[in-house]
Protein chains: 2
Amino acid sequence: MRAFHRMWADLEEVGLDGSTGGYRRFAWTRTDHDLREWFAGECAARGLDVTTDRVGNQWAWWGDPDAAVAAGEPGVVVGSHLDSVVDGGAFDGPLGVVSGLAAIDALRERGVVPRRPVGLVSFVDEEGARFGTTCAGSRVVTGSLSADRARALRDATGTTMAEAISRFGGRPDDLGRDDEALARVGAFVELHVEQGRVLDVLGRPVGVGSDIWPHGRWRIDVPGMANHAGTTALDEREDAMLGLAAAVIAARQAAQERGCLATVGKVDVAPGGVNAIPSSVTCWLDARGPEASSVRDVVDDVRDVVAEFDALVTEEWWDAATSFDDGLTRRIADLLDDAPLIATGAGHDAGVMAGAGVPTAMVFVRNPTGVSHSPDEWATTDDCLAGVAALTAVVDDLVGDCAA
Amino acid sequence: MRAFHRMWADLEEVGLDGSTGGYRRFAWTRTDHDLREWFAGECAARGLDVTTDRVGNQWAWWGDPDAAVAAGEPGVVVGSHLDSVVDGGAFDGPLGVVSGLAAIDALRERGVVPRRPVGLVSFVDEEGARFGTTCAGSRVVTGSLSADRARALRDATGTTMAEAISRFGGRPDDLGRDDEALARVGAFVELHVEQGRVLDVLGRPVGVGSDIWPHGRWRIDVPGMANHAGTTALDEREDAMLGLAAAVIAARQAAQERGCLATVGKVDVAPGGVNAIPSSVTCWLDARGPEASSVRDVVDDVRDVVAEFDALVTEEWWDAATSFDDGLTRRIADLLDDAPLIATGAGHDAGVMAGAGVPTAMVFVRNPTGVSHSPDEWATTDDCLAGVAALTAVVDDLVGDCAA
C-alpha cells in the first residue's frame, strides 16, 4: 500500500488553493494538464496503454481492449475523475482513480492473469465547475450531451468548451457519441467517497450504490429595472433581488415539505453595484429527491412563487432516477460481506454510463463527517485501504481465473 | 450651443458597452485615460490651464487661482465627474462637466471679464464602481478618506488603488488632504441630472439642492458550511444563502416601515458552485433616508434578523446629512426664478466638499423618468440647455461685473 500513499501525496499539491485550502481543478486548464500528466505517468510506469478519447477522457488498459471486443467479452473498467468543484476536497474523484491504480498493483502482486482486459478511466470535467454541466466527459461519450450543446457551453470568462478543448490541443469538431470507446466497456465500477453519513451510522467502511436519485438543475431569471439606490422610491422599484430572496426561501420550504433536497448555490447579479438596484438576478436551483414527482413538485412550488416577480424558470437538465445493474450490484454486495446498499443524491459518471446501458456499479467508502465538496471532505486511511481491497476483490472476481 | 452638442457627441462612444448599452467608465483605466484626454483637450482649446491634483482630479482655470487666493477672494468652481457606475447612463456626471464648459463659452460670448477666477473640476472615481468607495477623488482631497485607507482599497481583480494610480503614472505616496487645491475653491457649484422625478412633477426644468440625506453602506457577512447539494440533509445544512434571503427581505420591510430606502445590489457567494451549499455569502446594504435615526433603525432591524444566521454586519461608511451653503443656495434659487429646492438620497462630490467647509450648492436638471444609474437615464436637450443657461447665470452672478 506504499504506492497508494505515494500517489496520494503526489496529488496533494496539484490545484490546491492557498487561500481557501480547497482544490480548484478545472477542466482544460493548466491544473488539468498536470493531473493528466500524472495519470499518464502512473499508467506508463505500470506498462498500461493510455489513450485519450475525442472529448478528453483518459483510458488506460491492462490487456488489449479491442481484441476483447472482437472476442465478445469486453473489459472491466474502474476509475472516476480528477477534477474538482470550486474549493473542493481531495477525495471526490481522485480516490476512485488512485484506488483503481492500487487495485491493479494488488492484482499483479497476487499474480492474477486477467481473463478480460482491465481498464482504468479518468473522466474529464465531472464536476462541471467550469462550464456548468456536470459529467460532461461521460455525457459526451455516451451522447446524452450533444456535441453542439457541449461545444457551445461557456465558462465565466466567455470561453466556449470548443475553444477550451481546441486550446488544449483537442479537436472539438470530433465530439459526439463514441461507440468505439463504449464498446470496450463490458462493465464499469466506480469507487467514490460517500457524500453522506450512512456508512458511518451503520459502522461499515464500504458500501455499494443502489441508485442515484432523480435530480435536475433549473435556471431562474428574475428581471428588474436598474435604478439609483439612493433616489428611487420603494414603490417605483423593480428590484430583482427580492425575487432571488423569494426563490431561496421557497426552495427550502418546498424541499422540506416534500422530502427532497433543494439548493441555490450560484447567483449572478447585474449590474452588481452597491448603489444600483439590480436590473436582473439569475440563480440556479439544484433539486433532488427519492421520487421524481416530488422533485418536480418542488420546482413547481418555486415557479409559482417567483412568477410574482415575472421570473422565468428554465430546466437546464433533468436526470431521471438511475438504477445500477442489479446482478452486478448484488454480486459485489455479496462479495463484500453483504455490504450495505446506498442510494445517493449525487450525480456520477457511473450514473451516466448506467443510463447508456453499460452494466455499472458503485462502491462507496465511509466519510465520517459526511462533508463533501469542501476542503473538509475526508476519509480515514484505513477506510481508503478497505476501499482498495474491496475494489481489488471486485475486479478479481470479474476478470480473474475464478471469474464466473 | 453647438459646442454643447459637439461635446456630447464626442463623449457618446467613450466607455460604451456594446452588449448592455450602458457606460463602463471606471477610474484609472484606459477609458478613464480617454476621458481625461478629452477634458484636457476641451480646456486647452479654450486656453484654460489644466492641473491634476495628487489623487487625480483634473482642475481647469480661467484666471489665476493662486493670485486670487493671495488676494483673499478665491475662485468659483463648477464641474462634476466623468466616471460611471457599471452600465450607467450618459448624464450622471458628464452633464455637469459639459455644462461647465458650455457655461464658460457662454460667459465669454457675453463678454464677461471674471472678477474672480472660474474653475472647472472633473473629479476622479465619483461612483466608486471599481474600488467600492464613492466620491474617492473628493474624499481624498478633503481628507475624509485617509491616504492609507484609499491606497489599500482593492478592485475585483485584487489591484489596490495605490497600484492603479501608480500604473497610471501617479504617485500614490503623495495622497492625502490637499489644502492647496481646496484653498483655491471659494465656492463650488455642481450641476447634475436629477435622480428622481420631483422636477418633473413640479413641471420645472431646473432645481436647486437643499441637502443630501444621511446615508451609509454596511457589509453583511453570512457564514455557512460548504457541503454537497445532493447529499446533505436539510437539517444538517448551514446554508449561507438563507441568510442572504432573510437580509434582503428584512431590509425592504424595514425601509418601508421607517420611510427610508434600502437596497442590496451586490452579492458575493462562495464557493459559488451550482451543486455546492454556500459556505459564505457577503452582501452590501445601502440605506438612506431623511432622518439619520430612521436609517440607523433600518440597519438595526436587519442586524436583528441576520443575527439568527450568525451574520456579521459591518459599517463600511456613514455620512450624516449634508446641508449645502444656505446663503449660496438661496441666492441661486432666487436667481433662477425661485427654483424649487430638492433633497436627494444620492451622494455627490458636492456633498463631500460641503462637508469639508467649502461653500457649495447644487443645480439639478429635470429627469422625466427619474431613472438613473442605468442606460435609460435621460434628460431632454431643452432641459440640458436650460441647465447650461442656469449655470451660466449662476457663475455670472458670482464672478461677473454684477457680482455682489
# chains A, B, ... in the order shown; residues from 1 in each chain; ligands from 1
$ closest_atom_pairs --of "chain B" --to "chain A" --cutoff "8 Å" --atoms "only C-alpha atoms" --output "JSON lines"
{"residue": "B:Val85", "atom": "CA", "partner": "A:Gly273", "partner_atom": "CA", "distance": 7.1}
{"residue": "B:Val86", "atom": "CA", "partner": "A:Pro271", "partner_atom": "CA", "distance": 5.9}
{"residue": "B:Asp87", "atom": "CA", "partner": "A:Pro271", "partner_atom": "CA", "distance": 6.6}
{"residue": "B:Ala129", "atom": "CA", "partner": "A:Gly273", "partner_atom": "CA", "distance": 6.8}
{"residue": "B:Gly132", "atom": "CA", "partner": "A:Val274", "partner_atom": "CA", "distance": 7.5}
{"residue": "B:Gln195", "atom": "CA", "partner": "A:Thr231", "partner_atom": "CA", "distance": 5.8}
{"residue": "B:Gly196", "atom": "CA", "partner": "A:Thr231", "partner_atom": "CA", "distance": 5.7}
{"residue": "B:Ala226", "atom": "CA", "partner": "A:Ser374", "partner_atom": "CA", "distance": 5.4}
{"residue": "B:Asn227", "atom": "CA", "partner": "A:Ser372", "partner_atom": "CA", "distance": 5.1}
{"residue": "B:His228", "atom": "CA", "partner": "A:Ser372", "partner_atom": "CA", "distance": 5.3}
{"residue": "B:Ala229", "atom": "CA", "partner": "A:Thr263", "partner_atom": "CA", "distance": 6.0}
{"residue": "B:Gly230", "atom": "CA", "partner": "A:Gly345", "partner_atom": "CA", "distance": 4.4}
{"residue": "B:Thr231", "atom": "CA", "partner": "A:Gly345", "partner_atom": "CA", "distance": 5.1}
{"residue": "B:Thr232", "atom": "CA", "partner": "A:Gly196", "partner_atom": "CA", "distance": 6.3}
{"residue": "B:Ala233", "atom": "CA", "partner": "A:Leu261", "partner_atom": "CA", "distance": 7.1}
{"residue": "B:Leu234", "atom": "CA", "partner": "A:Leu261", "partner_atom": "CA", "distance": 6.7}
{"residue": "B:Met241", "atom": "CA", "partner": "A:Val264", "partner_atom": "CA", "distance": 7.1}
{"residue": "B:Leu242", "atom": "CA", "partner": "A:Val248", "partner_atom": "CA", "distance": 6.6}
{"residue": "B:Leu244", "atom": "CA", "partner": "A:Ala245", "partner_atom": "CA", "distance": 7.2}
{"residue": "B:Ala245", "atom": "CA", "partner": "A:Ala245", "partner_atom": "CA", "distance": 4.1}
{"residue": "B:Ala246", "atom": "CA", "partner": "A:Ala245", "partner_atom": "CA", "distance": 7.1}
{"residue": "B:Val248", "atom": "CA", "partner": "A:Ala245", "partner_atom": "CA", "distance": 6.4}
{"residue": "B:Ile249", "atom": "CA", "partner": "A:Leu242", "partner_atom": "CA", "distance": 6.8}
{"residue": "B:Gln256", "atom": "CA", "partner": "A:Leu234", "partner_atom": "CA", "distance": 7.3}
{"residue": "B:Leu261", "atom": "CA", "partner": "A:Leu234", "partner_atom": "CA", "distance": 6.7}
{"residue": "B:Ala262", "atom": "CA", "partner": "A:Ala229", "partner_atom": "CA", "distance": 7.3}
{"residue": "B:Thr263", "atom": "CA", "partner": "A:Ala229", "partner_atom": "CA", "distance": 6.0}
{"residue": "B:Val264", "atom": "CA", "partner": "A:Val274", "partner_atom": "CA", "distance": 6.9}
{"residue": "B:Gly265", "atom": "CA", "partner": "A:Val274", "partner_atom": "CA", "distance": 4.9}
{"residue": "B:Lys266", "atom": "CA", "partner": "A:Gly272", "partner_atom": "CA", "distance": 4.7}
{"residue": "B:Val267", "atom": "CA", "partner": "A:Val269", "partner_atom": "CA", "distance": 7.1}
{"residue": "B:Val269", "atom": "CA", "partner": "A:Lys266", "partner_atom": "CA", "distance": 6.8}
{"residue": "B:Pro271", "atom": "CA", "partner": "A:Val86", "partner_atom": "CA", "distance": 5.8}
{"residue": "B:Gly272", "atom": "CA", "partner": "A:Lys266", "partner_atom": "CA", "distance": 4.7}
{"residue": "B:Gly273", "atom": "CA", "partner": "A:Lys266", "partner_atom": "CA", "distance": 5.5}
{"residue": "B:Val274", "atom": "CA", "partner": "A:Gly265", "partner_atom": "CA", "distance": 4.9}
{"residue": "B:Asn275", "atom": "CA", "partner": "A:Gly265", "partner_atom": "CA", "distance": 6.3}
{"residue": "B:Ala276", "atom": "CA", "partner": "A:Gly265", "partner_atom": "CA", "distance": 5.6}
{"residue": "B:Ile277", "atom": "CA", "partner": "A:Gly265", "partner_atom": "CA", "distance": 5.5}
{"residue": "B:Pro278", "atom": "CA", "partner": "A:Gly265", "partner_atom": "CA", "distance": 5.5}
{"residue": "B:Trp284", "atom": "CA", "partner": "A:Val274", "partner_atom": "CA", "distance": 6.2}
{"residue": "B:Leu285", "atom": "CA", "partner": "A:Val274", "partner_atom": "CA", "distance": 7.5}
{"residue": "B:Asp286", "atom": "CA", "partner": "A:Asn275", "partner_atom": "CA", "distance": 6.4}
{"residue": "B:Ala287", "atom": "CA", "partner": "A:Gly230", "partner_atom": "CA", "distance": 7.7}
{"residue": "B:Arg288", "atom": "CA", "partner": "A:Gly230", "partner_atom": "CA", "distance": 6.4}
{"residue": "B:Thr344", "atom": "CA", "partner": "A:Thr231", "partner_atom": "CA", "distance": 6.5}
{"residue": "B:Gly345", "atom": "CA", "partner": "A:Gly230", "partner_atom": "CA", "distance": 4.4}
{"residue": "B:Ala346", "atom": "CA", "partner": "A:Gly230", "partner_atom": "CA", "distance": 4.8}
{"residue": "B:Gly347", "atom": "CA", "partner": "A:Gly230", "partner_atom": "CA", "distance": 7.9}
{"residue": "B:Gly370", "atom": "CA", "partner": "A:Thr232", "partner_atom": "CA", "distance": 7.6}
{"residue": "B:Val371", "atom": "CA", "partner": "A:Asn227", "partner_atom": "CA", "distance": 5.5}
{"residue": "B:Ser372", "atom": "CA", "partner": "A:Asn227", "partner_atom": "CA", "distance": 5.1}
{"residue": "B:His373", "atom": "CA", "partner": "A:Asn227", "partner_atom": "CA", "distance": 5.3}
{"residue": "B:Ser374", "atom": "CA", "partner": "A:Ala226", "partner_atom": "CA", "distance": 5.4}
$ write_last_selection --atoms "C-alpha atoms" --output "PDB file, in the first residue's frame"
ATOM      1  CA  VAL B  85     -21.362  53.033 -12.368  1.00  0.00           C
ATOM      2  CA  VAL B  86     -21.352  49.627 -14.090  1.00  0.00           C
ATOM      3  CA  ASP B  87     -23.651  50.027 -17.089  1.00  0.00           C
ATOM      4  CA  ALA B 129     -17.585  51.379  -9.352  1.00  0.00           C
ATOM      5  CA  GLY B 132     -16.284  50.272  -3.888  1.00  0.00           C
ATOM      6  CA  GLN B 195     -32.153  61.154  -9.948  1.00  0.00           C
ATOM      7  CA  GLY B 196     -35.818  61.243  -9.149  1.00  0.00           C
ATOM      8  CA  ALA B 226     -19.669  24.096   2.311  1.00  0.00           C
ATOM      9  CA  ASN B 227     -21.222  20.759   1.520  1.00  0.00           C
ATOM     10  CA  HIS B 228     -22.685  18.757  -1.345  1.00  0.00           C
ATOM     11  CA  ALA B 229     -26.069  19.953  -2.559  1.00  0.00           C
ATOM     12  CA  GLY B 230     -27.151  16.444  -3.472  1.00  0.00           C
ATOM     13  CA  THR B 231     -26.322  14.531  -0.341  1.00  0.00           C
ATOM     14  CA  THR B 232     -26.580  16.806   2.696  1.00  0.00           C
ATOM     15  CA  ALA B 233     -29.822  16.556   4.653  1.00  0.00           C
ATOM     16  CA  LEU B 234     -31.641  19.889   5.057  1.00  0.00           C
ATOM     17  CA  MET B 241     -27.873  31.700   1.093  1.00  0.00           C
ATOM     18  CA  LEU B 242     -30.790  31.552   3.523  1.00  0.00           C
ATOM     19  CA  LEU B 244     -28.939  36.475   2.338  1.00  0.00           C
ATOM     20  CA  ALA B 245     -32.615  35.923   1.568  1.00  0.00           C
ATOM     21  CA  ALA B 246     -33.567  36.960   5.100  1.00  0.00           C
ATOM     22  CA  VAL B 248     -32.913  41.182   1.555  1.00  0.00           C
ATOM     23  CA  ILE B 249     -36.471  40.782   2.795  1.00  0.00           C
ATOM     24  CA  GLN B 256     -40.932  50.539   4.124  1.00  0.00           C
ATOM     25  CA  LEU B 261     -34.581  53.497   1.175  1.00  0.00           C
ATOM     26  CA  ALA B 262     -32.658  50.232   1.475  1.00  0.00           C
ATOM     27  CA  THR B 263     -31.024  48.248  -1.292  1.00  0.00           C
ATOM     28  CA  VAL B 264     -28.963  45.091  -1.630  1.00  0.00           C
ATOM     29  CA  GLY B 265     -27.275  45.472  -5.013  1.00  0.00           C
ATOM     30  CA  LYS B 266     -24.121  43.398  -4.715  1.00  0.00           C
ATOM     31  CA  VAL B 267     -23.663  39.819  -3.572  1.00  0.00           C
ATOM     32  CA  VAL B 269     -21.313  33.792  -2.907  1.00  0.00           C
ATOM     33  CA  PRO B 271     -17.754  28.846  -3.422  1.00  0.00           C
ATOM     34  CA  GLY B 272     -20.447  29.744  -5.963  1.00  0.00           C
ATOM     35  CA  GLY B 273     -20.968  26.294  -7.427  1.00  0.00           C
ATOM     36  CA  VAL B 274     -24.391  25.194  -8.634  1.00  0.00           C
ATOM     37  CA  ASN B 275     -24.150  21.976  -6.633  1.00  0.00           C
ATOM     38  CA  ALA B 276     -22.375  23.372  -3.562  1.00  0.00           C
ATOM     39  CA  ILE B 277     -24.113  24.667  -0.461  1.00  0.00           C
ATOM     40  CA  PRO B 278     -22.736  28.209   0.019  1.00  0.00           C
ATOM     41  CA  TRP B 284     -23.873  45.014   0.884  1.00  0.00           C
ATOM     42  CA  LEU B 285     -26.727  47.043   2.315  1.00  0.00           C
ATOM     43  CA  ASP B 286     -27.154  50.615   1.099  1.00  0.00           C
ATOM     44  CA  ALA B 287     -29.526  52.560   3.352  1.00  0.00           C
ATOM     45  CA  ARG B 288     -30.604  56.218   3.225  1.00  0.00           C
ATOM     46  CA  THR B 344     -31.616  63.899  -2.505  1.00  0.00           C
ATOM     47  CA  GLY B 345     -30.653  60.451  -1.351  1.00  0.00           C
ATOM     48  CA  ALA B 346     -27.683  60.333  -3.702  1.00  0.00           C
ATOM     49  CA  GLY B 347     -24.189  61.214  -2.592  1.00  0.00           C
ATOM     50  CA  GLY B 370     -36.427  59.555 -12.743  1.00  0.00           C
ATOM     51  CA  VAL B 371     -34.274  56.610 -13.885  1.00  0.00           C
ATOM     52  CA  SER B 372     -30.586  56.880 -13.036  1.00  0.00           C
ATOM     53  CA  HIS B 373     -27.557  54.569 -12.902  1.00  0.00           C
ATOM     54  CA  SER B 374     -28.968  52.860 -15.962  1.00  0.00           C
TER      55      SER B 374
END
$ select_by_dssp --residues "range 52-190 of chain A" --states "helix (DSSP H, G or I)" --output "number ranges by chain"
A: 65-70, 94-109, 136-142, 147-152, 161-167, 172-174, 179-183
$ write_last_selection --atoms "C-alpha atoms" --output "PDB file, in the first residue's frame"
ATOM      1  CA  PRO A  65      -9.466  -3.915 -25.197  1.00  0.00           C
ATOM      2  CA  ASP A  66     -10.160  -4.329 -28.918  1.00  0.00           C
ATOM      3  CA  ALA A  67      -9.237  -7.982 -29.035  1.00  0.00           C
ATOM      4  CA  ALA A  68     -11.642  -8.465 -26.148  1.00  0.00           C
ATOM      5  CA  VAL A  69     -14.385  -6.653 -28.051  1.00  0.00           C
ATOM      6  CA  ALA A  70     -13.720  -8.867 -31.042  1.00  0.00           C
ATOM      7  CA  PRO A  94      -9.234  11.147  -7.081  1.00  0.00           C
ATOM      8  CA  LEU A  95      -9.984   8.401  -4.543  1.00  0.00           C
ATOM      9  CA  GLY A  96     -11.547   6.323  -7.330  1.00  0.00           C
ATOM     10  CA  VAL A  97      -8.630   6.844  -9.715  1.00  0.00           C
ATOM     11  CA  VAL A  98      -5.906   6.211  -7.153  1.00  0.00           C
ATOM     12  CA  SER A  99      -7.776   3.167  -5.803  1.00  0.00           C
ATOM     13  CA  GLY A 100      -8.034   1.802  -9.350  1.00  0.00           C
ATOM     14  CA  LEU A 101      -4.274   2.033  -9.817  1.00  0.00           C
ATOM     15  CA  ALA A 102      -3.703   0.485  -6.394  1.00  0.00           C
ATOM     16  CA  ALA A 103      -6.130  -2.344  -7.204  1.00  0.00           C
ATOM     17  CA  ILE A 104      -4.201  -3.140 -10.401  1.00  0.00           C
ATOM     18  CA  ASP A 105      -0.998  -3.231  -8.328  1.00  0.00           C
ATOM     19  CA  ALA A 106      -2.637  -5.589  -5.841  1.00  0.00           C
ATOM     20  CA  LEU A 107      -3.934  -7.922  -8.554  1.00  0.00           C
ATOM     21  CA  ARG A 108      -0.472  -8.152 -10.079  1.00  0.00           C
ATOM     22  CA  GLU A 109       1.147  -8.776  -6.717  1.00  0.00           C
ATOM     23  CA  ALA A 136     -19.546  16.481 -19.351  1.00  0.00           C
ATOM     24  CA  GLY A 137     -16.915  13.890 -20.312  1.00  0.00           C
ATOM     25  CA  SER A 138     -19.140  10.868 -19.827  1.00  0.00           C
ATOM     26  CA  ARG A 139     -22.200  12.632 -21.198  1.00  0.00           C
ATOM     27  CA  VAL A 140     -20.443  13.480 -24.451  1.00  0.00           C
ATOM     28  CA  VAL A 141     -19.057   9.959 -24.873  1.00  0.00           C
ATOM     29  CA  THR A 142     -22.482   8.417 -24.274  1.00  0.00           C
ATOM     30  CA  ALA A 147     -21.710  17.721 -29.446  1.00  0.00           C
ATOM     31  CA  ASP A 148     -23.336  21.015 -30.434  1.00  0.00           C
ATOM     32  CA  ARG A 149     -24.553  21.753 -26.930  1.00  0.00           C
ATOM     33  CA  ALA A 150     -21.203  20.803 -25.409  1.00  0.00           C
ATOM     34  CA  ARG A 151     -19.206  22.959 -27.831  1.00  0.00           C
ATOM     35  CA  ALA A 152     -21.374  26.000 -27.071  1.00  0.00           C
ATOM     36  CA  MET A 161     -15.903  24.431 -24.355  1.00  0.00           C
ATOM     37  CA  ALA A 162     -14.962  24.141 -28.032  1.00  0.00           C
ATOM     38  CA  GLU A 163     -12.323  26.851 -27.583  1.00  0.00           C
ATOM     39  CA  ALA A 164     -11.047  25.297 -24.361  1.00  0.00           C
ATOM     40  CA  ILE A 165     -10.680  21.869 -25.993  1.00  0.00           C
ATOM     41  CA  SER A 166      -9.058  23.424 -29.023  1.00  0.00           C
ATOM     42  CA  ARG A 167      -6.508  25.388 -26.963  1.00  0.00           C
ATOM     43  CA  PRO A 172     -13.832  19.968 -30.857  1.00  0.00           C
ATOM     44  CA  ASP A 173     -15.194  19.131 -34.340  1.00  0.00           C
ATOM     45  CA  ASP A 174     -14.756  15.463 -33.487  1.00  0.00           C
ATOM     46  CA  ASP A 179     -19.288   3.930 -29.827  1.00  0.00           C
ATOM     47  CA  GLU A 180     -15.759   2.664 -30.096  1.00  0.00           C
ATOM     48  CA  ALA A 181     -14.862   3.753 -26.556  1.00  0.00           C
ATOM     49  CA  LEU A 182     -18.174   2.490 -25.150  1.00  0.00           C
ATOM     50  CA  ALA A 183     -17.918  -0.934 -26.816  1.00  0.00           C
TER      51      ALA A 183
END
$ residues_around --residues "Gln58 in chain B" --least-positions-apart "3" --cutoff "6 Å" --atoms "only C-alpha atoms" --output "mmCIF file with N, CA and C atoms, in the first residue's frame"
data_model
loop_
_atom_site.group_PDB
_atom_site.id
_atom_site.type_symbol
_atom_site.label_atom_id
_atom_site.label_comp_id
_atom_site.auth_asym_id
_atom_site.auth_seq_id
_atom_site.Cartn_x
_atom_site.Cartn_y
_atom_site.Cartn_z
ATOM 1 N N THR B 51 -4.583 71.467 -14.378
ATOM 2 C CA THR B 51 -3.666 70.783 -13.477
ATOM 3 C C THR B 51 -4.382 69.550 -12.934
ATOM 4 N N THR B 52 -3.601 68.541 -12.590
ATOM 5 C CA THR B 52 -4.150 67.334 -11.983
ATOM 6 C C THR B 52 -3.631 67.270 -10.559
ATOM 7 N N VAL B 121 -13.887 71.533 -12.523
ATOM 8 C CA VAL B 121 -13.250 70.322 -11.989
ATOM 9 C C VAL B 121 -13.916 69.076 -12.557
ATOM 10 N N SER B 122 -13.103 68.069 -12.807
ATOM 11 C CA SER B 122 -13.612 66.738 -13.125
ATOM 12 C C SER B 122 -13.034 65.805 -12.053
#
$ atom_distance --atom1 "CA of Ala187 in chain A" --atom2 "CA of Asp334 in chain A"
17.3 Å
$ residues_around --residues "Arg330 in chain B" --least-positions-apart "6" --cutoff "10 Å" --atoms "only C-alpha atoms" --output "number ranges by chain"
B: 208, 210, 336, 338-339, 341, 361
$ write_last_selection --atoms "C-alpha atoms" --output "PDB file, in the first residue's frame"
ATOM      1  CA  VAL B 208     -31.505  73.649  -6.535  1.00  0.00           C
ATOM      2  CA  SER B 210     -31.179  71.635  -0.373  1.00  0.00           C
ATOM      3  CA  LEU B 336     -33.337  81.008 -11.155  1.00  0.00           C
ATOM      4  CA  ASP B 338     -37.495  80.690  -7.379  1.00  0.00           C
ATOM      5  CA  ALA B 339     -36.234  77.320  -8.483  1.00  0.00           C
ATOM      6  CA  LEU B 341     -35.336  73.072  -3.534  1.00  0.00           C
ATOM      7  CA  ALA B 361     -24.528  74.377  -3.952  1.00  0.00           C
TER       8      ALA B 361
END
$ residues_around --residues "Ala307 in chain B" --least-positions-apart "4" --cutoff "10 Å" --atoms "only C-alpha atoms" --output "list in words"
Val222, Gly243, Ala247, Val302, Arg303, Ala311, Leu312 and Val313 of chain B
$ atom_distance --atom1 "CA of Ala156 in chain A" --atom2 "CA of Phe131 in chain A"
7.8 Å
$ atom_distance --atom1 "CA of Asp53 in chain B" --atom2 "CA of Phe123 in chain B"
9.9 Å
$ closest_residue --among "A:Asp396, A:His5, A:Leu16, A:Arg184" --to "Gly111 in chain A" --atoms "only C-alpha atoms"
A:Asp396
$ residues_around --residues "Gly41 in chain B" --least-positions-apart "6" --cutoff "12 Å" --atoms "only C-alpha atoms" --output "MDAnalysis selection string"
chainID B and resid 7 10 34:35 47:50 60 101
$ select_by_dssp --residues "range 147-212 of chain A" --states "strand (DSSP E or B)" --output "VMD selection string"
chain A and resid 154 160 185 to 193 206 to 212
